[in-house]
Every structure is written in structure tokens, then in C-alpha cells.
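Participant: Okay, so here is my_file-v2.cif, and as you'll see once you scroll down, it has mmCIF, C-alpha atoms.
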```
data_work
loop_
_atom_site.group_PDB
_atom_site.id
_atom_site.type_symbol
_atom_site.label_atom_id
_atom_site.label_comp_id
_atom_site.auth_asym_id
_atom_site.auth_seq_id
_atom_site.Cartn_x
_atom_site.Cartn_y
_atom_site.Cartn_z
ATOM 1 C CA MET A 222 2.334 46.981 3.962
ATOM 2 C CA LYS A 223 1.642 44.040 1.678
ATOM 3 C CA ILE A 224 -1.562 44.034 -0.357
ATOM 4 C CA GLY A 225 -3.209 40.923 -1.734
ATOM 5 C CA LEU A 226 -6.272 38.805 -2.305
ATOM 6 C CA SER A 227 -8.371 36.400 -0.291
ATOM 7 C CA ARG A 228 -10.147 33.320 -1.656
ATOM 8 C CA PRO A 229 -13.093 34.112 -3.955
ATOM 9 C CA TYR A 230 -16.337 34.612 -2.080
ATOM 10 C CA ALA A 231 -18.443 31.466 -1.987
ATOM 11 C CA ASP A 232 -22.150 31.589 -1.145
ATOM 12 C CA PRO A 233 -22.805 28.465 0.949
ATOM 13 C CA GLY A 234 -26.299 28.240 -0.483
ATOM 14 C CA HIS A 235 -25.139 28.262 -4.093
ATOM 15 C CA PRO A 236 -21.898 26.332 -4.525
ATOM 16 C CA ILE A 237 -19.762 27.020 -7.574
ATOM 17 C CA ALA A 238 -16.606 25.402 -8.841
ATOM 18 C CA ASP A 239 -13.568 26.721 -6.976
ATOM 19 C CA VAL A 240 -11.403 28.579 -9.516
ATOM 20 C CA ASP A 241 -7.802 27.359 -9.907
ATOM 21 C CA MET A 242 -5.705 28.855 -7.113
ATOM 22 C CA GLY A 243 -2.535 28.567 -9.179
ATOM 23 C CA GLU A 244 -3.936 30.643 -12.014
ATOM 24 C CA ILE A 245 -5.337 33.221 -9.593
ATOM 25 C CA CYS A 246 -1.910 33.608 -8.004
ATOM 26 C CA GLN A 247 -0.285 33.967 -11.429
ATOM 27 C CA ILE A 248 -2.689 36.775 -12.355
ATOM 28 C CA ALA A 249 -2.242 38.417 -8.950
ATOM 29 C CA GLU A 250 1.536 38.322 -9.334
ATOM 30 C CA GLU A 251 1.308 39.853 -12.808
ATOM 31 C CA ALA A 252 -0.922 42.592 -11.388
ATOM 32 C CA GLY A 253 1.720 43.511 -8.809
ATOM 33 C CA LEU A 254 -0.011 42.116 -5.730
ATOM 34 C CA ASP A 255 2.066 40.761 -2.847
ATOM 35 C CA TRP A 256 0.202 37.776 -1.428
ATOM 36 C CA VAL A 257 -2.824 35.521 -1.730
ATOM 37 C CA THR A 258 -4.549 33.745 1.144
ATOM 38 C CA TYR A 259 -7.051 30.880 1.033
ATOM 39 C CA GLY A 260 -9.360 29.434 3.673
ATOM 40 C CA HIS A 261 -10.343 25.869 4.452
ATOM 41 C CA HIS A 262 -13.394 23.649 4.744
ATOM 42 C CA THR A 263 -13.759 19.956 3.987
ATOM 43 C CA ILE A 264 -17.353 18.730 3.974
ATOM 44 C CA ARG A 265 -20.771 20.293 4.409
ATOM 45 C CA PRO A 266 -23.164 18.405 6.709
ATOM 46 C CA LEU A 267 -26.555 18.782 5.057
ATOM 47 C CA ASP A 268 -28.859 18.331 8.056
ATOM 48 C CA GLU A 269 -26.903 20.198 10.745
ATOM 49 C CA PRO A 270 -27.860 23.808 11.577
ATOM 50 C CA VAL A 271 -24.960 26.169 10.922
ATOM 51 C CA LEU A 272 -23.566 27.588 14.159
ATOM 52 C CA PRO A 273 -23.525 31.389 14.568
ATOM 53 C CA PRO A 274 -21.986 33.781 13.644
ATOM 54 C CA HIS A 275 -21.364 31.843 10.417
ATOM 55 C CA PHE A 276 -23.733 31.741 7.464
ATOM 56 C CA GLY A 277 -22.875 28.337 6.062
ATOM 57 C CA VAL A 278 -20.090 25.918 5.206
ATOM 58 C CA PRO A 279 -18.708 26.704 1.719
ATOM 59 C CA LEU A 280 -17.193 24.089 -0.562
ATOM 60 C CA TYR A 281 -13.461 24.679 -1.037
ATOM 61 C CA LEU A 282 -10.519 22.935 -2.645
ATOM 62 C CA ASP A 283 -7.757 21.902 -0.234
ATOM 63 C CA PRO A 284 -5.663 25.019 0.570
ATOM 64 C CA LEU A 285 -2.335 23.239 1.176
ATOM 65 C CA ILE A 286 -2.484 21.418 -2.148
ATOM 66 C CA GLY A 287 -3.629 24.671 -3.739
ATOM 67 C CA ALA A 288 -0.750 26.570 -2.132
ATOM 68 C CA ALA A 289 1.783 24.051 -3.409
ATOM 69 C CA ARG A 290 0.394 24.392 -6.938
ATOM 70 C CA ALA A 291 0.228 28.195 -6.758
ATOM 71 C CA LEU A 292 3.768 28.572 -5.445
ATOM 72 C CA ALA A 293 5.083 26.251 -8.172
ATOM 73 C CA MET A 294 3.396 28.423 -10.809
ATOM 74 C CA THR A 295 4.775 31.746 -9.490
ATOM 75 C CA LYS A 296 8.133 33.288 -8.616
ATOM 76 C CA ARG A 297 7.517 36.157 -6.187
ATOM 77 C CA ILE A 298 4.070 36.185 -4.625
ATOM 78 C CA GLU A 299 3.518 34.860 -1.089
ATOM 79 C CA VAL A 300 0.748 32.427 -0.165
ATOM 80 C CA SER A 301 -0.881 31.623 3.167
ATOM 81 C CA THR A 302 -3.818 29.772 4.661
ATOM 82 C CA SER A 303 -6.474 31.812 6.412
ATOM 83 C CA VAL A 304 -7.276 29.634 8.058
ATOM 84 C CA LEU A 305 -6.474 25.893 8.053
ATOM 85 C CA ILE A 306 -8.882 24.281 10.530
ATOM 86 C CA MET A 307 -6.410 22.538 12.801
ATOM 87 C CA PRO A 308 -8.792 20.298 14.815
ATOM 88 C CA MET A 309 -9.364 18.351 11.590
ATOM 89 C CA GLN A 310 -5.609 17.816 11.027
ATOM 90 C CA HIS A 311 -2.757 15.826 12.560
ATOM 91 C CA PRO A 312 0.202 18.078 13.425
ATOM 92 C CA VAL A 313 2.847 15.627 12.178
ATOM 93 C CA VAL A 314 1.219 15.518 8.740
ATOM 94 C CA VAL A 315 0.780 19.303 8.602
ATOM 95 C CA ALA A 316 4.359 19.851 9.798
ATOM 96 C CA LYS A 317 5.670 17.654 6.964
ATOM 97 C CA GLN A 318 3.429 19.311 4.358
ATOM 98 C CA VAL A 319 4.357 22.836 5.438
ATOM 99 C CA ALA A 320 8.086 22.032 5.594
ATOM 100 C CA THR A 321 7.886 20.641 2.060
ATOM 101 C CA ILE A 322 5.935 23.619 0.696
ATOM 102 C CA ASP A 323 8.301 26.025 2.435
ATOM 103 C CA ARG A 324 11.404 24.405 0.914
ATOM 104 C CA TYR A 325 9.972 24.108 -2.591
ATOM 105 C CA SER A 326 8.751 27.723 -2.570
ATOM 106 C CA GLY A 327 11.890 29.324 -1.167
ATOM 107 C CA GLY A 328 10.132 30.422 2.002
ATOM 108 C CA ARG A 329 7.058 32.059 0.450
ATOM 109 C CA PHE A 330 4.454 30.210 2.532
ATOM 110 C CA SER A 331 2.979 31.046 5.942
ATOM 111 C CA LEU A 332 0.548 28.981 7.974
ATOM 112 C CA GLY A 333 -2.648 30.519 9.275
ATOM 113 C CA LEU A 334 -4.611 28.333 11.678
ATOM 114 C CA GLY A 335 -8.100 28.372 13.142
ATOM 115 C CA VAL A 336 -10.469 26.074 14.964
ATOM 116 C CA GLY A 337 -13.577 26.164 12.793
ATOM 117 C CA GLY A 338 -16.913 26.761 14.396
ATOM 118 C CA ALA A 339 -19.422 26.779 11.561
ATOM 119 C CA SER A 340 -20.114 23.067 11.942
ATOM 120 C CA ARG A 341 -19.636 20.638 14.798
ATOM 121 C CA LEU A 342 -19.967 17.647 12.472
ATOM 122 C CA GLU A 343 -17.323 18.900 10.048
ATOM 123 C CA ILE A 344 -14.800 18.645 12.884
ATOM 124 C CA GLU A 345 -16.121 15.497 14.554
ATOM 125 C CA LEU A 346 -16.478 13.454 11.354
ATOM 126 C CA THR A 347 -12.760 13.935 10.730
ATOM 127 C CA GLY A 348 -11.931 12.673 14.221
ATOM 128 C CA GLY A 349 -11.627 15.985 16.062
ATOM 129 C CA SER A 350 -13.272 17.218 19.220
ATOM 130 C CA PHE A 351 -15.475 20.271 18.865
ATOM 131 C CA GLU A 352 -15.370 21.062 22.597
ATOM 132 C CA ARG A 353 -11.584 20.670 22.852
ATOM 133 C CA ARG A 354 -10.690 22.235 19.511
ATOM 134 C CA TRP A 355 -8.712 25.113 21.017
ATOM 135 C CA ASP A 356 -6.717 22.878 23.367
ATOM 136 C CA TYR A 357 -5.935 20.501 20.487
ATOM 137 C CA THR A 358 -4.883 23.361 18.214
ATOM 138 C CA MET A 359 -2.527 24.952 20.716
ATOM 139 C CA GLU A 360 -0.901 21.612 21.533
ATOM 140 C CA SER A 361 -0.556 20.957 17.787
ATOM 141 C CA ILE A 362 1.305 24.250 17.366
ATOM 142 C CA ALA A 363 3.784 23.194 20.052
ATOM 143 C CA VAL A 364 4.260 19.829 18.322
ATOM 144 C CA MET A 365 4.859 21.364 14.883
ATOM 145 C CA LYS A 366 7.361 23.912 16.172
ATOM 146 C CA GLY A 367 9.233 21.206 18.061
ATOM 147 C CA LEU A 368 9.410 18.979 14.999
ATOM 148 C CA TRP A 369 10.603 21.874 12.830
ATOM 149 C CA THR A 370 13.380 22.989 15.175
ATOM 150 C CA GLN A 371 14.713 20.085 17.273
ATOM 151 C CA ASP A 372 17.092 17.280 16.366
ATOM 152 C CA SER A 373 15.530 15.067 19.035
ATOM 153 C CA PHE A 374 11.964 16.126 19.795
ATOM 154 C CA THR A 375 10.145 14.691 22.788
ATOM 155 C CA PHE A 376 6.700 15.699 23.977
ATOM 156 C CA ASP A 377 4.350 14.652 26.737
ATOM 157 C CA GLY A 378 0.995 16.341 26.222
ATOM 158 C CA GLU A 379 -2.671 15.568 26.555
ATOM 159 C CA PHE A 380 -3.239 14.682 22.910
ATOM 160 C CA PHE A 381 0.284 13.735 21.765
ATOM 161 C CA LYS A 382 3.211 11.908 23.334
ATOM 162 C CA PHE A 383 6.515 11.661 21.440
ATOM 163 C CA PRO A 384 9.619 9.623 22.246
ATOM 164 C CA PRO A 385 12.815 11.081 20.710
ATOM 165 C CA THR A 386 11.722 11.940 17.159
ATOM 166 C CA LEU A 387 13.201 13.720 14.131
ATOM 167 C CA LEU A 388 11.376 15.353 11.215
ATOM 168 C CA GLY A 389 13.325 16.098 8.083
ATOM 169 C CA PRO A 390 14.059 17.790 5.851
ATOM 170 C CA ARG A 391 13.408 20.830 7.981
ATOM 171 C CA PRO A 392 11.773 23.980 6.621
ATOM 172 C CA LEU A 393 13.976 26.436 4.767
ATOM 173 C CA THR A 394 12.556 29.340 6.798
ATOM 174 C CA GLN A 395 14.346 29.713 10.126
ATOM 175 C CA PRO A 396 13.569 29.042 12.850
ATOM 176 C CA HIS A 397 10.340 27.835 11.208
ATOM 177 C CA PRO A 398 7.514 29.097 8.944
ATOM 178 C CA PRO A 399 5.460 31.709 10.788
ATOM 179 C CA ILE A 400 2.165 30.654 12.312
ATOM 180 C CA SER A 401 -0.782 33.033 12.596
ATOM 181 C CA LEU A 402 -4.032 32.443 14.423
ATOM 182 C CA GLY A 403 -7.507 33.621 13.435
ATOM 183 C CA GLY A 404 -10.061 34.926 15.907
ATOM 184 C CA PHE A 405 -11.528 38.005 17.537
ATOM 185 C CA ASN A 406 -11.382 38.086 21.335
ATOM 186 C CA ASP A 407 -8.790 38.530 24.047
ATOM 187 C CA ARG A 408 -8.481 34.773 24.550
ATOM 188 C CA VAL A 409 -7.311 34.451 20.950
ATOM 189 C CA LEU A 410 -4.899 37.356 21.375
ATOM 190 C CA ARG A 411 -3.380 35.664 24.433
ATOM 191 C CA ARG A 412 -2.888 32.464 22.429
ATOM 192 C CA VAL A 413 -1.206 34.432 19.640
ATOM 193 C CA ALA A 414 0.977 36.271 22.122
ATOM 194 C CA THR A 415 2.206 33.092 23.791
ATOM 195 C CA SER A 416 2.509 30.695 20.830
ATOM 196 C CA CYS A 417 2.294 32.377 17.403
ATOM 197 C CA GLU A 418 3.916 35.000 15.200
ATOM 198 C CA GLY A 419 0.814 36.583 13.710
ATOM 199 C CA TRP A 420 -2.882 37.324 14.048
ATOM 200 C CA ILE A 421 -5.625 37.171 11.396
ATOM 201 C CA PRO A 422 -8.666 39.345 12.082
ATOM 202 C CA VAL A 423 -11.490 39.480 9.524
ATOM 203 C CA TYR A 424 -13.226 42.806 8.999
ATOM 204 C CA HIS A 425 -16.092 44.032 6.859
ATOM 205 C CA ASN A 426 -14.548 47.222 5.544
ATOM 206 C CA ASP A 427 -14.239 49.415 8.666
ATOM 207 C CA ARG A 428 -16.452 47.246 10.906
ATOM 208 C CA LEU A 429 -15.839 44.104 12.866
ATOM 209 C CA ALA A 430 -16.931 41.028 10.925
ATOM 210 C CA PHE A 431 -18.651 39.482 13.930
ATOM 211 C CA GLY A 432 -20.043 42.009 16.392
ATOM 212 C CA GLU A 433 -20.117 45.770 16.650
ATOM 213 C CA GLY A 434 -17.176 48.119 16.730
ATOM 214 C CA SER A 435 -14.537 49.837 14.636
ATOM 215 C CA GLY A 436 -12.104 47.504 12.908
ATOM 216 C CA PRO A 437 -9.165 49.964 12.796
ATOM 217 C CA GLU A 438 -9.544 50.932 16.440
ATOM 218 C CA ASN A 439 -9.819 47.278 17.400
ATOM 219 C CA LEU A 440 -6.626 46.575 15.473
ATOM 220 C CA LYS A 441 -4.695 49.332 17.255
ATOM 221 C CA GLU A 442 -5.880 48.154 20.650
ATOM 222 C CA SER A 443 -5.218 44.509 19.814
ATOM 223 C CA ARG A 444 -1.626 45.099 18.700
ATOM 224 C CA ALA A 445 -0.920 46.770 22.031
ATOM 225 C CA LYS A 446 -2.581 43.855 23.835
ATOM 226 C CA LEU A 447 -0.497 41.320 21.918
ATOM 227 C CA HIS A 448 2.737 42.835 23.147
ATOM 228 C CA ARG A 449 1.407 43.217 26.679
ATOM 229 C CA PHE A 450 0.213 39.604 26.764
ATOM 230 C CA ALA A 451 3.546 38.396 25.347
ATOM 231 C CA GLU A 452 5.428 40.318 28.025
ATOM 232 C CA ASP A 453 3.156 38.844 30.703
ATOM 233 C CA ALA A 454 4.037 35.376 29.384
ATOM 234 C CA GLY A 455 7.759 36.102 29.411
ATOM 235 C CA ARG A 456 8.000 35.907 25.631
ATOM 236 C CA LYS A 457 10.187 38.325 23.713
ATOM 237 C CA ILE A 458 8.946 39.029 20.200
ATOM 238 C CA ASP A 459 9.679 42.236 18.308
ATOM 239 C CA HIS A 460 6.746 42.172 15.923
ATOM 240 C CA PHE A 461 3.469 40.338 15.401
ATOM 241 C CA ASP A 462 2.361 40.103 11.766
ATOM 242 C CA ILE A 463 -1.285 41.228 11.465
ATOM 243 C CA SER A 464 -3.115 40.167 8.302
ATOM 244 C CA VAL A 465 -6.489 41.844 7.727
ATOM 245 C CA ILE A 466 -9.059 40.409 5.321
ATOM 246 C CA LEU A 467 -11.607 42.790 3.803
ATOM 247 C CA THR A 468 -14.798 42.301 1.825
ATOM 248 C CA PRO A 469 -14.982 42.458 -1.995
ATOM 249 C CA GLU A 470 -16.408 46.002 -1.885
ATOM 250 C CA SER A 471 -13.367 47.420 -0.091
ATOM 251 C CA GLU A 472 -11.728 50.435 -1.689
ATOM 252 C CA LEU A 473 -8.377 52.183 -1.384
ATOM 253 C CA ASP A 474 -9.506 54.223 1.622
ATOM 254 C CA ALA A 475 -10.310 51.098 3.656
ATOM 255 C CA VAL A 476 -6.913 49.584 2.847
ATOM 256 C CA ARG A 477 -5.071 52.784 3.801
ATOM 257 C CA ILE A 478 -7.084 53.103 7.019
ATOM 258 C CA TYR A 479 -5.892 49.667 8.075
ATOM 259 C CA GLU A 480 -2.338 50.483 7.069
ATOM 260 C CA ASP A 481 -2.484 53.552 9.309
ATOM 261 C CA ALA A 482 -3.954 51.380 12.078
ATOM 262 C CA GLY A 483 -0.939 49.067 11.962
ATOM 263 C CA ALA A 484 -1.856 46.215 9.618
ATOM 264 C CA ASP A 485 1.095 44.459 8.005
ATOM 265 C CA ARG A 486 -1.005 42.842 5.267
ATOM 266 C CA VAL A 487 -4.425 43.525 3.824
ATOM 267 C CA ALA A 488 -6.197 41.070 1.522
ATOM 268 C CA VAL A 489 -9.306 42.065 -0.410
ATOM 269 C CA THR A 490 -11.725 39.167 -0.843
ATOM 270 C CA LEU A 491 -12.404 38.326 -4.469
ATOM 271 C CA PRO A 492 -16.057 38.566 -5.503
ATOM 272 C CA LYS A 493 -18.023 35.484 -6.478
ATOM 273 C CA ILE A 494 -16.439 34.182 -9.689
ATOM 274 C CA ALA A 495 -17.048 31.082 -11.777
ATOM 275 C CA SER A 496 -14.211 31.150 -14.323
ATOM 276 C CA ILE A 497 -10.625 32.258 -14.714
ATOM 277 C CA ASP A 498 -11.747 35.021 -17.103
ATOM 278 C CA GLU A 499 -14.007 36.416 -14.386
ATOM 279 C CA ALA A 500 -11.115 36.109 -11.933
ATOM 280 C CA ARG A 501 -8.803 38.068 -14.243
ATOM 281 C CA ARG A 502 -11.319 40.887 -14.650
ATOM 282 C CA ALA A 503 -11.935 41.037 -10.893
ATOM 283 C CA ILE A 504 -8.222 41.087 -10.055
ATOM 284 C CA GLU A 505 -7.551 43.823 -12.599
ATOM 285 C CA ILE A 506 -10.352 45.936 -11.086
ATOM 286 C CA ILE A 507 -9.027 45.391 -7.547
ATOM 287 C CA ALA A 508 -5.418 46.143 -8.505
ATOM 288 C CA THR A 509 -6.474 49.280 -10.415
ATOM 289 C CA GLY A 510 -8.676 50.450 -7.564
ATOM 290 C CA LEU A 511 -5.854 49.984 -5.096
ATOM 291 C CA ARG A 512 -3.474 51.753 -7.508
ATOM 292 C CA ILE A 513 -1.034 48.856 -7.595
#
```
Will you turn the file into C-alpha cells for me?

Facilitator:
Amino acid sequence: MKIGLSRPYADPGHPIADVDMGEICQIAEEAGLDWVTYGHHTIRPLDEPVLPPHFGVPLYLDPLIGAARALAMTKRIEVSTSVLIMPMQHPVVVAKQVATIDRYSGGRFSLGLGVGGASRLEIELTGGSFERRWDYTMESIAVMKGLWTQDSFTFDGEFFKFPPTLLGPRPLTQPHPPISLGGFNDRVLRRVATSCEGWIPVYHNDRLAFGEGSGPENLKESRAKLHRFAEDAGRKIDHFDISVILTPESELDAVRIYEDAGADRVAVTLPKIASIDEARRAIEIIATGLRI
């Protein structure tokens, strides 16, 4: 199992400067960690009520630009998004960005996608549809995979229609960089099973982040569901990569519990930090606590 870090915690009510992702990844690599994952938000509407179960819209630097910087500053560590809010993106642009990052990094980048949900306006002000965000995201995944893998890509969907089209250079990773999807219910698991290579659940130590229930038990049940749903869809896939994100308080026992439950990756969320010195101290404490 790979052990890493998630983006520093940001209190939506008290924004702080986002600490340099490149430097965090350098420190994490030096500490022996395997991967770093960063989330995504663009703007914070000031008069819109935050939609449950979220607590606010934090202020983040762009994760794709951050990933490119971090991967250029490191040699071994892997980087992912968890998650890039796809309804605010165009799949052709993301496909080009991810292919470029993948080639420059030697295949150390993976794409985690989500649909948002904290703010309707955040999605709609960038041209997306809040109501159709899942449909748009799943069609975007099909577009990106087609562009990454086909010499002459055509597509006739609801949101996108392509005449014969070629994207190049293609990603270094074959057949394409893996795509994971964030979410919590069976509908999300079915989408992962039919269209993605991985799943990103978020847990608060041994509890579900949103709702009641045991995180490890949910993970075991969900992995079995993923393979059952994939079989139902006629898709053959040997392994789904499951990346669990834990809270800053998580200790070695929580990480090992998720490893026993079948997680492939566990990222501990960094605590609230305001400087690279604070980041270094926090990463050293996490790496020591996890006995890296």
C-alpha cells in the first residue's frame, strides 16, 4: 500500500495562503512518502448558502498547475488530483494538460475527478450545469479516453460532437493515465465500475465522512460491488485502485486498518499550515507517526 499526504486542511471561514505544492512534495519525498494528492476549487460565492454535506468552499491554488510544478521538483513521488471538479472543465483542455503532465513526469500523475456540490454558483459561473454535472462528467471521461487512445477519434454525444480528431502527443502512460472518481454511494460505484480505474472515498478516521457507518467495512463491501458492477457491464478489469483520504488526526492504526480493508493508497490530510516551515514539521510528525 502507498502512503501519502492530502492537501493541507483549509478552514473555509478563515482562508490562508495555500502553501507551495512543489515544496510540500519535495519534503514528502524526502520523508519517504509515496504520493501527494490535492483537491480543487476555483471561486467562493459570498452570498450563496453552502450546500450540505459541505462546510464551505475553500480557496485553493490550481491543482493541475501545482501538480506540474511538484512533479518537476521531484524524482519519485506520485501526484494526483482528489478531485478535479470536471463540470467546470472542458475535456479537450484537461486531456491535453494531463497528457503533457504525464509525459513530463514519466507517468507519475493520476487524474481524480469529481462533480463538486458545495456550491451551485461555482459550477454555473464557469459555464457548467449543476443539475447535469454527473452526465457531463461521464461524457467528458469518454471524450478524454478517446482522445488519448485513438488515431482518429469521433464522438456523437449530448454535450460533445467530434468529427475525426487527433490529440498529440499522447500520454506516456498506456493505454492512458488512470482516472479515479470521488463519491460515496452505489451510483458512484457503478460509474467507476463502467468508466474508471479507481475510486476515491473520503473517511474521517474509521467513520464515513458523510453519513454514519464504518469506513473499513464500507471499503470492503464497495470493492466487491465494483467488481460485480463491472461484470454486469461486461467490463473486464483486474483491479480498481482505491485511494482513501484520512483526517489530520489519523494514526498508524487507522492507516493499517484501511490497508487490511483493501485500500491501495492512504493519504493523511495535512493540518492547517501557513508556511513551509510549518509544513515541514507537520510532514515529519506524520511520517514518524506512520513509521515511514

Participant: Measuring atom to atom with all atoms listed in the file, identify which of A:His460, A:Arg477, A:Arg501, A:His275 is nearest to Asp241 (chain A).

Facilitator: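 That would be A:Arg501, the residue with the smallest distance to Asp241 (chain A).
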
Participant: Calculated over all atoms listed in the file, which of the candidates A:Ser326, A:Ser301, A:Gln247, A:Thr258 has the smallest distance to Leu467 (chain A)?

Facilitator: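 Of A:Ser326, A:Ser301, A:Gln247, A:Thr258, the one nearest Leu467 (chain A) is A:Thr258, counting all atoms listed in the file.
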
Participant: Run the PyMOL selection byres ((chain A and resi 423) around 6) on the file and write out the hits as a list in words.

Facilitator: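 Evaluating the PyMOL selection byres ((chain A and resi 423) around 6) on these coordinates yields Pro422, Tyr424, Ala430, Val465 and Ile466 of chain A.
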
Participant: Please indicate the distance in Å from CA of Gln310 (chain A) to CA of Ala484 (chain A), rounded to one decimal place.

Facilitator: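 Separation of CA of Gln310 (chain A) and CA of Ala484 (chain A): 28.7 Å.
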
Participant: For the file shown, report as a PyMOL selection string the outcome of the PyMOL selection byres ((chain A and resi 444) around 10) at residue level.

Facilitator: chain A and resi 410+414+420+439-443+445-450+460-463+482-484

Participant: Next, write the just-selected residues to a file, as a PDB file, in the frame of the given file, keeping C-alpha atoms as the atom set.

Facilitator:
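Produced file again_38.pdb, reproduced below:
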```pdb
ATOM      1  CA  LEU A 410      -4.899  37.356  21.375  1.00  0.00           C
ATOM      2  CA  ALA A 414       0.977  36.271  22.122  1.00  0.00           C
ATOM      3  CA  TRP A 420      -2.882  37.324  14.048  1.00  0.00           C
ATOM      4  CA  ASN A 439      -9.819  47.278  17.400  1.00  0.00           C
ATOM      5  CA  LEU A 440      -6.626  46.575  15.473  1.00  0.00           C
ATOM      6  CA  LYS A 441      -4.695  49.332  17.255  1.00  0.00           C
ATOM      7  CA  GLU A 442      -5.880  48.154  20.650  1.00  0.00           C
ATOM      8  CA  SER A 443      -5.218  44.509  19.814  1.00  0.00           C
ATOM      9  CA  ALA A 445      -0.920  46.770  22.031  1.00  0.00           C
ATOM     10  CA  LYS A 446      -2.581  43.855  23.835  1.00  0.00           C
ATOM     11  CA  LEU A 447      -0.497  41.320  21.918  1.00  0.00           C
ATOM     12  CA  HIS A 448       2.737  42.835  23.147  1.00  0.00           C
ATOM     13  CA  ARG A 449       1.407  43.217  26.679  1.00  0.00           C
ATOM     14  CA  PHE A 450       0.213  39.604  26.764  1.00  0.00           C
ATOM     15  CA  HIS A 460       6.746  42.172  15.923  1.00  0.00           C
ATOM     16  CA  PHE A 461       3.469  40.338  15.401  1.00  0.00           C
ATOM     17  CA  ASP A 462       2.361  40.103  11.766  1.00  0.00           C
ATOM     18  CA  ILE A 463      -1.285  41.228  11.465  1.00  0.00           C
ATOM     19  CA  ALA A 482      -3.954  51.380  12.078  1.00  0.00           C
ATOM     20  CA  GLY A 483      -0.939  49.067  11.962  1.00  0.00           C
ATOM     21  CA  ALA A 484      -1.856  46.215   9.618  1.00  0.00           C
TER      22      ALA A 484
END
```

Participant: When you draw a straight line from CA of Met307 (chain A) to CA of Gly349 (chain A), how long is it in Å?

Facilitator: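 For CA of Met307 (chain A) relative to CA of Gly349 (chain A), the distance reads 9.0 Å.
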